[in-house]
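What follows is the content of data-v3.csv (CSV, C-alpha atoms).
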```csv
chain,number,residue,atom,x,y,z
A,1,MET,CA,35.6,31.5,-21.8
A,2,GLN,CA,33.9,33.5,-24.5
A,3,HIS,CA,35.3,33.5,-28.1
A,4,ARG,CA,36.4,37.1,-28.8
A,5,ILE,CA,35.4,38.4,-32.2
A,6,VAL,CA,36.6,41.9,-33.1
A,7,VAL,CA,35.2,43.6,-36.2
A,8,LEU,CA,37.2,46.6,-37.5
A,9,GLY,CA,35.2,49.2,-39.3
A,10,ALA,CA,31.4,49.7,-39.3
A,11,GLY,CA,30.6,50.6,-42.8
A,12,TYR,CA,28.2,48.5,-44.8
A,13,THR,CA,30.4,45.4,-44.5
A,14,GLY,CA,31.6,45.6,-40.9
A,15,ALA,CA,28.2,46.6,-39.4
A,16,PHE,CA,26.5,43.9,-41.5
A,17,ALA,CA,28.9,41.2,-40.4
A,18,ALA,CA,28.7,42.2,-36.7
A,19,GLY,CA,24.9,42.1,-36.8
A,20,ARG,CA,24.8,38.7,-38.6
A,21,LEU,CA,27.3,37.2,-36.1
A,22,ALA,CA,25.2,38.4,-33.2
A,23,ARG,CA,22.1,37.1,-34.7
A,24,ARG,CA,23.5,33.6,-35.3
A,25,LEU,CA,25.8,32.9,-32.3
A,26,HIS,CA,24.8,32.5,-28.7
A,27,PRO,CA,25.7,35.5,-26.6
A,28,GLU,CA,27.0,33.3,-23.8
A,29,ASP,CA,29.6,31.9,-26.1
A,30,VAL,CA,30.9,34.9,-27.9
A,31,ALA,CA,32.0,38.5,-27.2
A,32,ILE,CA,31.6,40.7,-30.3
A,33,THR,CA,33.3,44.1,-30.4
A,34,LEU,CA,32.7,46.5,-33.3
A,35,VAL,CA,35.4,49.2,-33.6
A,36,ASN,CA,34.6,52.4,-35.5
A,37,ALA,CA,35.8,56.0,-35.5
A,38,GLU,CA,32.3,57.5,-35.9
A,39,PRO,CA,29.3,57.0,-33.7
A,40,ASP,CA,26.7,56.4,-36.5
A,41,PHE,CA,26.4,54.5,-39.7
A,42,VAL,CA,27.3,56.3,-42.9
A,43,GLU,CA,25.6,55.5,-46.2
A,44,ARG,CA,28.7,55.8,-48.3
A,45,VAL,CA,26.9,55.2,-51.5
A,46,ARG,CA,25.0,58.5,-50.9
A,47,MET,CA,28.0,60.8,-50.4
A,48,HIS,CA,27.4,62.5,-53.7
A,49,GLN,CA,24.0,63.5,-52.4
A,50,VAL,CA,25.5,64.9,-49.2
A,51,ALA,CA,27.9,66.9,-51.2
A,52,ALA,CA,25.1,68.3,-53.3
A,53,GLY,CA,23.3,69.6,-50.2
A,54,GLN,CA,21.0,66.8,-49.2
A,55,ASP,CA,20.6,65.6,-45.6
A,56,LEU,CA,20.6,61.9,-44.6
A,57,LYS,CA,18.8,60.2,-41.8
A,58,ALA,CA,21.0,59.8,-38.7
A,59,ARG,CA,21.5,56.2,-37.7
A,60,PRO,CA,23.4,55.9,-34.4
A,61,PHE,CA,25.1,52.6,-33.7
A,62,SER,CA,24.0,52.9,-30.0
A,63,GLU,CA,20.4,52.4,-31.2
A,64,MET,CA,21.2,50.0,-34.0
A,65,PHE,CA,23.0,47.5,-31.8
A,66,ALA,CA,21.0,48.0,-28.6
A,67,GLY,CA,20.2,44.6,-27.1
A,68,THR,CA,22.2,42.6,-29.7
A,69,GLY,CA,25.2,41.8,-27.5
A,70,VAL,CA,27.5,43.8,-29.9
A,71,GLU,CA,29.8,46.1,-28.0
A,72,LEU,CA,30.7,49.3,-29.8
A,73,LYS,CA,34.2,50.7,-29.3
A,74,LEU,CA,34.5,54.2,-30.6
A,75,GLY,CA,38.1,54.9,-31.8
A,76,LYS,CA,40.6,54.9,-34.6
A,77,VAL,CA,42.4,51.7,-35.4
A,78,THR,CA,46.1,52.5,-35.4
A,79,GLY,CA,47.6,49.0,-35.5
A,80,VAL,CA,47.0,45.3,-35.9
A,81,ASP,CA,49.4,42.7,-34.5
A,82,VAL,CA,48.4,39.5,-36.2
A,83,GLU,CA,51.1,37.5,-34.3
A,84,ARG,CA,50.0,38.6,-30.8
A,85,LYS,CA,46.3,38.8,-32.0
A,86,THR,CA,45.7,42.3,-30.8
A,87,VAL,CA,44.4,45.6,-32.2
A,88,THR,CA,45.5,49.1,-31.1
A,89,VAL,CA,42.8,51.7,-30.9
A,90,THR,CA,43.0,55.4,-30.0
A,91,ASP,CA,40.2,57.7,-28.9
A,92,PRO,CA,40.2,60.9,-31.1
A,93,SER,CA,38.2,62.7,-28.4
A,94,ARG,CA,41.0,62.3,-25.9
A,95,PRO,CA,44.3,63.6,-27.5
A,96,GLY,CA,47.3,62.2,-25.7
A,97,ALA,CA,45.4,59.5,-23.9
A,98,PRO,CA,47.1,56.0,-24.0
A,99,ALA,CA,45.9,53.7,-26.8
A,100,ALA,CA,43.7,50.8,-25.9
A,101,GLU,CA,44.6,47.3,-26.8
A,102,LEU,CA,41.9,44.7,-27.8
A,103,ALA,CA,42.7,41.0,-27.9
A,104,TYR,CA,40.9,38.8,-30.4
A,105,ASP,CA,40.4,35.2,-31.2
A,106,THR,CA,38.8,36.0,-34.6
A,107,LEU,CA,39.4,39.3,-36.4
A,108,VAL,CA,37.1,40.7,-39.1
A,109,TYR,CA,39.0,43.4,-41.0
A,110,ALA,CA,36.5,45.8,-42.7
A,111,LEU,CA,38.4,49.1,-42.7
A,112,GLY,CA,37.5,49.7,-46.3
A,113,SER,CA,39.1,52.2,-48.6
A,114,ALA,CA,39.6,56.0,-49.2
A,115,TRP,CA,40.1,58.1,-52.2
A,116,ASN,CA,43.1,57.5,-54.4
A,117,THR,CA,45.1,60.6,-55.6
A,118,GLN,CA,47.0,58.4,-58.1
A,119,GLY,CA,50.0,60.4,-57.3
A,120,VAL,CA,48.9,63.4,-59.4
A,121,PRO,CA,50.6,66.6,-58.2
A,122,GLY,CA,48.4,69.0,-56.3
A,123,THR,CA,45.5,66.5,-55.9
A,124,ALA,CA,45.9,66.0,-52.1
A,125,GLU,CA,46.3,69.7,-51.5
A,126,HIS,CA,43.6,71.2,-53.8
A,127,ALA,CA,41.1,68.5,-54.8
A,128,TYR,CA,37.9,67.4,-53.0
A,129,GLU,CA,36.8,63.9,-52.4
A,130,ILE,CA,33.5,62.1,-51.5
A,131,ALA,CA,34.9,58.7,-50.4
A,132,GLY,CA,33.7,59.5,-46.9
A,133,ARG,CA,31.4,61.8,-44.9
A,134,PRO,CA,34.1,64.3,-43.9
A,135,GLY,CA,35.1,64.8,-47.5
A,136,ALA,CA,31.6,65.1,-48.7
A,137,LEU,CA,30.7,67.7,-46.0
A,138,ARG,CA,33.8,69.7,-46.9
A,139,LEU,CA,32.8,69.7,-50.6
A,140,ARG,CA,29.2,70.6,-49.7
A,141,GLU,CA,30.4,73.7,-47.9
A,142,ARG,CA,32.6,74.7,-50.8
A,143,LEU,CA,29.9,74.2,-53.4
A,144,ALA,CA,27.5,76.2,-51.3
A,145,GLY,CA,29.9,79.2,-51.4
A,146,LEU,CA,30.2,79.2,-55.2
A,147,GLY,CA,28.4,81.8,-57.3
A,148,ALA,CA,26.6,81.3,-60.6
A,149,GLY,CA,28.8,80.4,-63.5
A,150,GLN,CA,31.7,79.0,-61.4
A,151,PRO,CA,33.4,76.0,-62.9
A,152,VAL,CA,33.3,72.6,-61.1
A,153,VAL,CA,35.3,69.8,-62.6
A,154,VAL,CA,34.8,66.1,-61.6
A,155,VAL,CA,37.8,64.0,-62.5
A,156,GLY,CA,37.0,60.3,-63.1
A,157,GLY,CA,34.5,58.7,-65.5
A,158,GLY,CA,33.5,55.7,-63.3
A,159,LEU,CA,30.4,55.2,-61.2
A,160,THR,CA,31.4,57.7,-58.5
A,161,GLY,CA,32.4,60.4,-61.0
A,162,VAL,CA,29.2,60.0,-63.1
A,163,GLU,CA,27.0,60.1,-60.0
A,164,ALA,CA,28.8,63.1,-58.5
A,165,ALA,CA,28.8,65.1,-61.7
A,166,THR,CA,25.1,64.5,-62.5
A,167,GLU,CA,24.0,65.1,-58.8
A,168,ILE,CA,25.9,68.4,-58.6
A,169,ALA,CA,24.6,69.6,-62.1
A,170,GLU,CA,21.0,68.8,-61.2
A,171,ALA,CA,21.2,70.4,-57.8
A,172,ARG,CA,23.1,73.5,-59.0
A,173,PRO,CA,22.2,74.2,-62.6
A,174,ASP,CA,23.8,77.6,-62.2
A,175,LEU,CA,27.2,76.1,-62.1
A,176,ASP,CA,29.4,75.1,-65.0
A,177,VAL,CA,30.0,71.4,-64.4
A,178,ALA,CA,32.5,69.3,-66.4
A,179,LEU,CA,33.5,65.7,-66.3
A,180,VAL,CA,36.9,64.4,-67.2
A,181,ALA,CA,37.3,60.7,-68.2
A,182,ARG,CA,40.5,58.9,-69.2
A,183,GLY,CA,38.5,56.8,-71.6
A,184,ASP,CA,35.2,57.2,-73.4
A,185,LEU,CA,32.2,58.2,-71.3
A,186,GLY,CA,30.4,55.1,-70.1
A,187,ASP,CA,32.8,52.8,-72.0
A,188,TRP,CA,32.0,49.9,-69.5
A,189,LEU,CA,28.3,50.1,-70.4
A,190,ALA,CA,26.3,48.3,-73.2
A,191,PRO,CA,25.1,50.6,-76.0
A,192,LYS,CA,21.7,51.3,-74.6
A,193,GLY,CA,23.1,52.3,-71.2
A,194,ARG,CA,25.8,54.4,-72.7
A,195,ALA,CA,23.4,56.2,-74.9
A,196,HIS,CA,21.1,57.0,-71.9
A,197,LEU,CA,24.1,58.2,-69.9
A,198,ARG,CA,25.2,60.6,-72.7
A,199,LYS,CA,21.7,61.9,-73.1
A,200,VAL,CA,21.3,62.7,-69.4
A,201,VAL,CA,24.7,64.3,-69.2
A,202,ARG,CA,23.9,66.4,-72.3
A,203,ASP,CA,20.5,67.5,-70.9
A,204,LEU,CA,22.1,68.5,-67.6
A,205,GLY,CA,24.6,70.7,-69.5
A,206,ILE,CA,27.7,68.8,-68.3
A,207,THR,CA,30.8,69.3,-70.5
A,208,VAL,CA,32.6,66.0,-71.0
A,209,HIS,CA,36.3,65.7,-71.7
A,210,GLU,CA,36.9,62.2,-72.9
A,211,ARG,CA,40.2,60.3,-73.4
A,212,THR,CA,41.8,63.0,-71.2
A,213,GLU,CA,44.4,62.4,-68.5
A,214,VAL,CA,44.9,65.0,-65.7
A,215,THR,CA,48.5,65.7,-64.9
A,216,ALA,CA,48.2,68.4,-62.2
A,217,VAL,CA,45.6,70.0,-60.0
A,218,GLU,CA,45.9,73.7,-58.9
A,219,PRO,CA,43.5,75.8,-56.8
A,220,ASP,CA,41.7,77.2,-59.8
A,221,ARG,CA,42.4,74.8,-62.6
A,222,ILE,CA,43.5,71.4,-63.7
A,223,THR,CA,46.2,70.6,-66.3
A,224,VAL,CA,45.8,67.7,-68.7
A,225,ALA,CA,48.2,65.8,-70.9
A,226,GLY,CA,49.5,68.2,-73.6
A,227,GLY,CA,49.5,71.1,-71.2
A,228,THR,CA,45.9,72.4,-71.7
A,229,ALA,CA,44.4,74.0,-68.6
A,230,ILE,CA,40.8,73.6,-67.7
A,231,PRO,CA,39.3,76.2,-65.2
A,232,ALA,CA,38.1,74.7,-62.0
A,233,ALA,CA,37.0,76.7,-59.0
A,234,VAL,CA,36.4,73.2,-57.4
A,235,THR,CA,38.0,69.9,-58.5
A,236,VAL,CA,36.3,66.7,-57.3
A,237,TRP,CA,38.6,63.7,-57.5
A,238,THR,CA,36.9,60.3,-58.1
A,239,THR,CA,39.5,58.2,-59.9
A,240,GLY,CA,39.2,55.1,-57.8
A,241,PHE,CA,39.9,53.9,-54.3
A,242,ALA,CA,43.0,53.0,-52.2
A,243,VAL,CA,42.6,50.5,-49.4
A,244,HIS,CA,43.2,51.5,-45.7
A,245,PRO,CA,47.0,51.2,-45.1
A,246,ILE,CA,46.9,49.4,-41.7
A,247,ALA,CA,47.2,46.0,-43.3
A,248,GLN,CA,50.4,47.0,-45.0
A,249,ALA,CA,52.2,47.1,-41.6
A,250,THR,CA,51.2,43.6,-40.7
A,251,ASP,CA,52.5,40.1,-41.8
A,252,LEU,CA,49.2,39.4,-43.6
A,253,ARG,CA,49.6,38.3,-47.2
A,254,LEU,CA,48.6,41.2,-49.4
A,255,GLY,CA,48.0,41.6,-53.1
A,256,ALA,CA,49.6,44.3,-55.3
A,257,THR,CA,46.6,46.6,-54.4
A,258,GLY,CA,47.3,46.3,-50.7
A,259,GLN,CA,44.2,44.2,-50.2
A,260,ILE,CA,44.3,41.2,-47.9
A,261,VAL,CA,44.4,37.9,-49.9
A,262,VAL,CA,41.5,35.7,-48.9
A,263,ASP,CA,40.1,32.3,-49.7
A,264,GLU,CA,36.5,31.7,-50.8
A,265,THR,CA,35.3,32.0,-47.2
A,266,MET,CA,37.0,35.5,-46.9
A,267,ARG,CA,39.6,34.0,-44.5
A,268,SER,CA,43.2,35.3,-44.8
A,269,VAL,CA,45.3,32.7,-46.7
A,270,SER,CA,48.2,33.5,-44.3
A,271,HIS,CA,46.5,34.0,-40.9
A,272,PRO,CA,43.4,31.7,-40.5
A,273,ASP,CA,42.0,33.7,-37.5
A,274,VAL,CA,41.7,36.9,-39.7
A,275,TYR,CA,38.9,37.5,-42.2
A,276,ALA,CA,38.8,40.4,-44.6
A,277,ILE,CA,35.6,41.8,-46.3
A,278,GLY,CA,34.5,44.5,-48.6
A,279,ASP,CA,37.1,46.8,-50.2
A,280,ALA,CA,39.8,45.4,-47.8
A,281,ALA,CA,39.7,41.9,-49.3
A,282,LEU,CA,41.3,40.6,-52.5
A,283,ALA,CA,38.6,38.0,-53.2
A,284,MET,CA,37.9,36.2,-56.4
A,285,GLY,CA,34.5,36.4,-58.0
A,286,ARG,CA,33.0,34.4,-61.0
A,287,GLY,CA,35.4,33.7,-63.8
A,288,GLY,CA,38.4,34.1,-61.6
A,289,LYS,CA,38.2,37.9,-61.6
A,290,PRO,CA,38.8,39.9,-58.4
A,291,LEU,CA,35.7,41.4,-57.0
A,292,ARG,CA,35.5,45.2,-57.5
A,293,MET,CA,35.5,47.7,-54.7
A,294,SER,CA,31.8,48.4,-54.2
A,295,CYS,CA,28.8,47.9,-52.0
A,296,ALA,CA,27.6,45.2,-54.4
A,297,SER,CA,30.7,43.2,-53.4
A,298,GLY,CA,30.9,44.3,-49.8
A,299,ILE,CA,27.6,42.9,-48.5
A,300,PRO,CA,28.0,39.4,-50.1
A,301,THR,CA,31.6,39.2,-48.7
A,302,ALA,CA,30.4,40.2,-45.2
A,303,GLN,CA,27.7,37.6,-45.3
A,304,ARG,CA,30.1,35.0,-46.5
A,305,ALA,CA,32.7,35.7,-43.8
A,306,ALA,CA,30.0,35.8,-41.0
A,307,ASP,CA,28.6,32.5,-42.1
A,308,ALA,CA,32.0,30.9,-42.4
A,309,ILE,CA,32.9,32.1,-38.8
A,310,VAL,CA,29.7,30.6,-37.5
A,311,ALA,CA,30.3,27.4,-39.3
A,312,ARG,CA,33.8,27.0,-38.0
A,313,LEU,CA,32.8,27.8,-34.4
A,314,THR,CA,29.7,25.6,-34.4
A,315,GLY,CA,30.8,22.7,-36.6
A,316,GLY,CA,28.4,23.8,-39.4
A,317,LYS,CA,28.7,23.7,-43.1
A,318,LEU,CA,31.0,26.2,-44.8
A,319,PRO,CA,29.8,28.4,-47.6
A,320,HIS,CA,31.3,27.6,-51.0
A,321,GLY,CA,31.4,29.1,-54.5
A,322,ALA,CA,32.3,32.6,-55.7
A,323,PRO,CA,30.1,35.6,-55.4
A,324,GLY,CA,28.6,37.0,-58.6
A,325,TYR,CA,26.9,40.1,-59.9
A,326,PHE,CA,23.5,40.9,-61.4
A,327,ASN,CA,23.5,44.6,-62.2
A,328,GLN,CA,25.2,48.0,-61.7
A,329,CYS,CA,22.9,50.6,-60.2
A,330,ILE,CA,23.7,54.2,-61.1
A,331,SER,CA,21.9,57.3,-60.0
A,332,LEU,CA,22.0,60.3,-62.4
A,333,GLY,CA,20.6,62.9,-60.1
A,334,ARG,CA,17.3,62.4,-58.3
A,335,LYS,CA,15.1,62.1,-61.4
A,336,GLN,CA,17.2,59.8,-63.7
A,337,GLY,CA,18.9,56.5,-63.2
A,338,LEU,CA,20.5,53.7,-65.1
A,339,ILE,CA,20.5,50.0,-64.2
A,340,GLN,CA,23.0,48.2,-66.4
A,341,TYR,CA,22.5,44.4,-66.2
A,342,VAL,CA,25.6,42.3,-66.2
A,343,THR,CA,26.9,38.8,-66.3
A,344,ALA,CA,27.9,37.1,-63.0
A,345,ASP,CA,31.5,38.1,-63.7
A,346,ASP,CA,30.4,41.7,-64.2
A,347,ARG,CA,30.4,42.2,-68.0
A,348,ALA,CA,27.6,44.4,-69.4
A,349,VAL,CA,24.8,42.7,-71.4
A,350,PRO,CA,22.5,44.5,-73.8
A,351,ALA,CA,19.6,44.9,-71.3
A,352,ALA,CA,19.4,48.1,-69.3
A,353,LEU,CA,16.7,49.9,-67.3
A,354,THR,CA,16.7,53.7,-67.8
A,355,GLY,CA,14.9,56.9,-66.8
A,356,ARG,CA,12.7,57.6,-63.8
A,357,LEU,CA,12.0,53.9,-63.2
A,358,ALA,CA,15.7,53.2,-62.9
A,359,ALA,CA,16.0,56.1,-60.4
A,360,VAL,CA,13.3,54.6,-58.3
A,361,TYR,CA,15.0,51.1,-58.6
A,362,LYS,CA,18.3,52.6,-57.4
A,363,GLU,CA,16.7,54.3,-54.5
A,364,LEU,CA,15.1,51.1,-53.4
A,365,ILE,CA,18.4,49.3,-53.6
A,366,CYS,CA,20.1,51.9,-51.4
A,367,LYS,CA,17.3,51.8,-48.9
A,368,SER,CA,17.2,48.0,-48.7
A,369,ALA,CA,21.0,47.9,-48.2
A,370,ALA,CA,20.8,50.5,-45.4
A,371,TRP,CA,17.9,48.7,-43.8
A,372,GLY,CA,19.7,45.3,-43.9
A,373,VAL,CA,22.7,46.9,-42.1
A,374,THR,CA,20.8,49.0,-39.6
A,375,ASN,CA,18.4,46.3,-38.5
A,376,PRO,CA,20.8,43.7,-37.1
A,377,THR,CA,18.2,42.3,-34.7
A,378,TYR,CA,15.8,41.3,-37.5
A,379,GLY,CA,15.0,37.6,-37.0
A,380,MET,CA,16.6,37.3,-33.6
A,381,PRO,CA,16.9,35.1,-31.6
A,382,ALA,CA,16.2,32.5,-34.3
A,383,ARG,CA,19.0,29.8,-34.8
A,384,ARG,CA,21.5,31.3,-32.3
A,385,ARG,CA,24.0,28.5,-32.3
A,386,ARG,CA,26.3,27.3,-29.5
A,387,VAL,CA,30.0,27.4,-30.0
A,388,THR,CA,31.8,24.1,-30.0
A,389,ARG,CA,35.2,25.5,-31.1
A,390,ARG,CA,35.5,22.6,-33.5
A,391,GLN,CA,37.3,24.2,-36.3
A,392,ALA,CA,36.5,23.1,-39.9
A,393,PRO,CA,39.6,22.5,-42.1
A,394,ALA,CA,40.8,25.4,-44.2
A,395,VAL,CA,39.6,25.6,-47.8
A,396,LYS,CA,41.8,26.0,-50.8
A,397,ALA,CA,42.9,29.6,-51.5
A,398,VAL,CA,41.5,31.1,-54.7
A,399,ALA,CA,43.6,34.2,-54.7
```
Mind turning the file's structure into structure tokens?
Amino acid sequence: MQHRIVVLGAGYTGAFAAGRLARRLHPEDVAITLVNAEPDFVERVRMHQVAAGQDLKARPFSEMFAGTGVELKLGKVTGVDVERKTVTVTDPSRPGAPAAELAYDTLVYALGSAWNTQGVPGTAEHAYEIAGRPGALRLRERLAGLGAGQPVVVVGGGLTGVEAATEIAEARPDLDVALVARGDLGDWLAPKGRAHLRKVVRDLGITVHERTEVTAVEPDRITVAGGTAIPAAVTVWTTGFAVHPIAQATDLRLGATGQIVVDETMRSVSHPDVYAIGDAALAMGRGGKPLRMSCASGIPTAQRAADAIVARLTGGKLPHGAPGYFNQCISLGRKQGLIQYVTADDRAVPAALTGRLAAVYKELICKSAAWGVTNPTYGMPARRRRVTRRQAPAVKAVA
């Protein structure tokens, strides 16, 4: 009987994990099912480009996973029963149709995250988001309809907010773009990186409101602490991410963020047949710090989980140690970039790469990440291992 592996979500982490599992396990021994609501791969790190009017290459899963042994199940995950070891999936194209139930022996939970309104009044009703393709396309349509001089306010001074504001300002210099940050602009960067960010923002004509907290969003303005109103024909909300809520309805052990608590192999500390990767996982990095929600965390956790599953099914050696960081790659439009080098536990160091070379570097990183995900057959059928079902002992939880 084949060992049933079900992977939920086909973003960077889920698609990468499914491809790696197919590449390393013998197809006679495992049945790998990848569940996703959309039929093609979405480069989430480029959603600010989509919003600014750029088109991305289509990457259908049917082509990506052809001949790999991975079965694609299109549908929306509506429930996970970790006691019965089943997943409930509905087909959005067939309203009213009964939900399908998938049974698993091993579950890889990679449902990721969405935008976080932070509970600010009016945000859900009036703001735009770029955490996924539907939101980016909706914002794209709205921006295309704006006339010259219209105000666009990006709320959030982190990586997503900075990339969105600079991309929009470069693509639409006729618009009045502003960026609102709760702290100082680029306060997580070292001095060289912070100075470059400020120069690019200034050159693009972006107005920056620092140390400013938004208290309400309306159709044509935002209100900040103290009652001041800032005009906004469009408000783009980028103040962080909230994890997919499906896990909250399960008996999985979760952290305060709603993420699934995992050990160093990305295995749930409460249910050993469940692995969580990417934004869905509360995993510890170097220095005992939780990994941040990002592509830089997602791919390493996907690789770690896939390798651990293979090891446990084939009697191999488990991966050990905590993932670490090397740099933060930030696009500042198509012509400028910023590569902030960091310690393994994600603290900025003085070194930074800036300017056009940094933009090229960031583009290469994005392309290589997409290539690694969308070419799951690379290297096949090398080292496809047979399943022995001899489970390795659980490792000590780190979260």
**Prompt:** Can you list, as a count of residues only, every protein, DNA or RNA residue that comes within 7 Å of range 104-111 of chain A when you count all atoms listed in the file, leaving out same-chain residues fewer than 3 positions away?
**Reply:** 19
**A:His126, A:Arg84, A:Arg24, A:Arg59 ranked by distance to Pro219 in chain A, top pick (using all atoms listed in the file)** =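 Under the stated criterion, the closest residue is A:His126.
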**Asked** Nearest to Val50 in chain A: which of A:Gly67, A:Pro121, A:Gly135, A:Gly316 is it, counting only C-alpha atoms?
**Response** A:Gly135
**Message:** Please determine, counting all atoms listed in the file, which residue among A:Ala308, A:Ile299, A:Ala144, A:Ala100 has the shortest atom-to-atom distance to Phe16 in chain A.
**Reply:** A:Ile299
Spatial neighbours of Glu38 in chain A, 12 Å, all atoms listed in the file, chain gap at least 4 places, as a compact mmCIF listing (two decimals) with C-alpha atoms, in the coordinates of the input:
```txt
# COMPACT_ATOMS: atom_id res chain seq x y z
CA GLY A 9 35.20 49.20 -39.30
CA ALA A 10 31.40 49.70 -39.30
CA GLY A 11 30.60 50.60 -42.80
CA LEU A 34 32.70 46.50 -33.30
CA VAL A 42 27.30 56.30 -42.90
CA ALA A 58 21.00 59.80 -38.70
CA ARG A 59 21.50 56.20 -37.70
CA PRO A 60 23.40 55.90 -34.40
CA PHE A 61 25.10 52.60 -33.70
CA SER A 62 24.00 52.90 -30.00
CA LEU A 72 30.70 49.30 -29.80
CA LYS A 73 34.20 50.70 -29.30
CA LEU A 74 34.50 54.20 -30.60
CA GLY A 75 38.10 54.90 -31.80
CA LYS A 76 40.60 54.90 -34.60
CA VAL A 77 42.40 51.70 -35.40
CA ASP A 91 40.20 57.70 -28.90
CA PRO A 92 40.20 60.90 -31.10
CA SER A 93 38.20 62.70 -28.40
CA GLY A 132 33.70 59.50 -46.90
CA ARG A 133 31.40 61.80 -44.90
CA PRO A 134 34.10 64.30 -43.90
```
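Each of A:Lys362, A:Arg142, A:Arg182, A:His209 was checked against Gly158 in chain A using only C-alpha atoms; the smallest atom-to-atom distance is that of A:Arg182.
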**Item:** Closest of A:Pro98, A:Pro151, A:Gly156, A:Gly112 to Arg221 in chain A - atom-to-atom distances counting all atoms listed in the file
**Value:**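 The shortest atom-to-atom distance to Arg221 in chain A comes from A:Pro151.
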**Message:** I'd like to know which of A:Ile32, A:Val217, A:Leu197, A:Val373 is closest to Gly355 in chain A, using only C-alpha atoms.
**Reply:** A:Leu197
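Computed from the coordinates, the CA of Arg172 in chain A to CA of Ala52 in chain A distance equals 8.0 Å.
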**Item:** Exercise: residues within 8 Å of coordinate (38.8, 47.7, -26.4), counting only C-alpha atoms, as a list of chain:residue names
**Value:**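 All residues meeting the 8 Å criterion around (38.8, 47.7, -26.4) are A:Thr33, A:Lys73, A:Val89, A:Ala100, A:Glu101, A:Leu102, A:Ala103.
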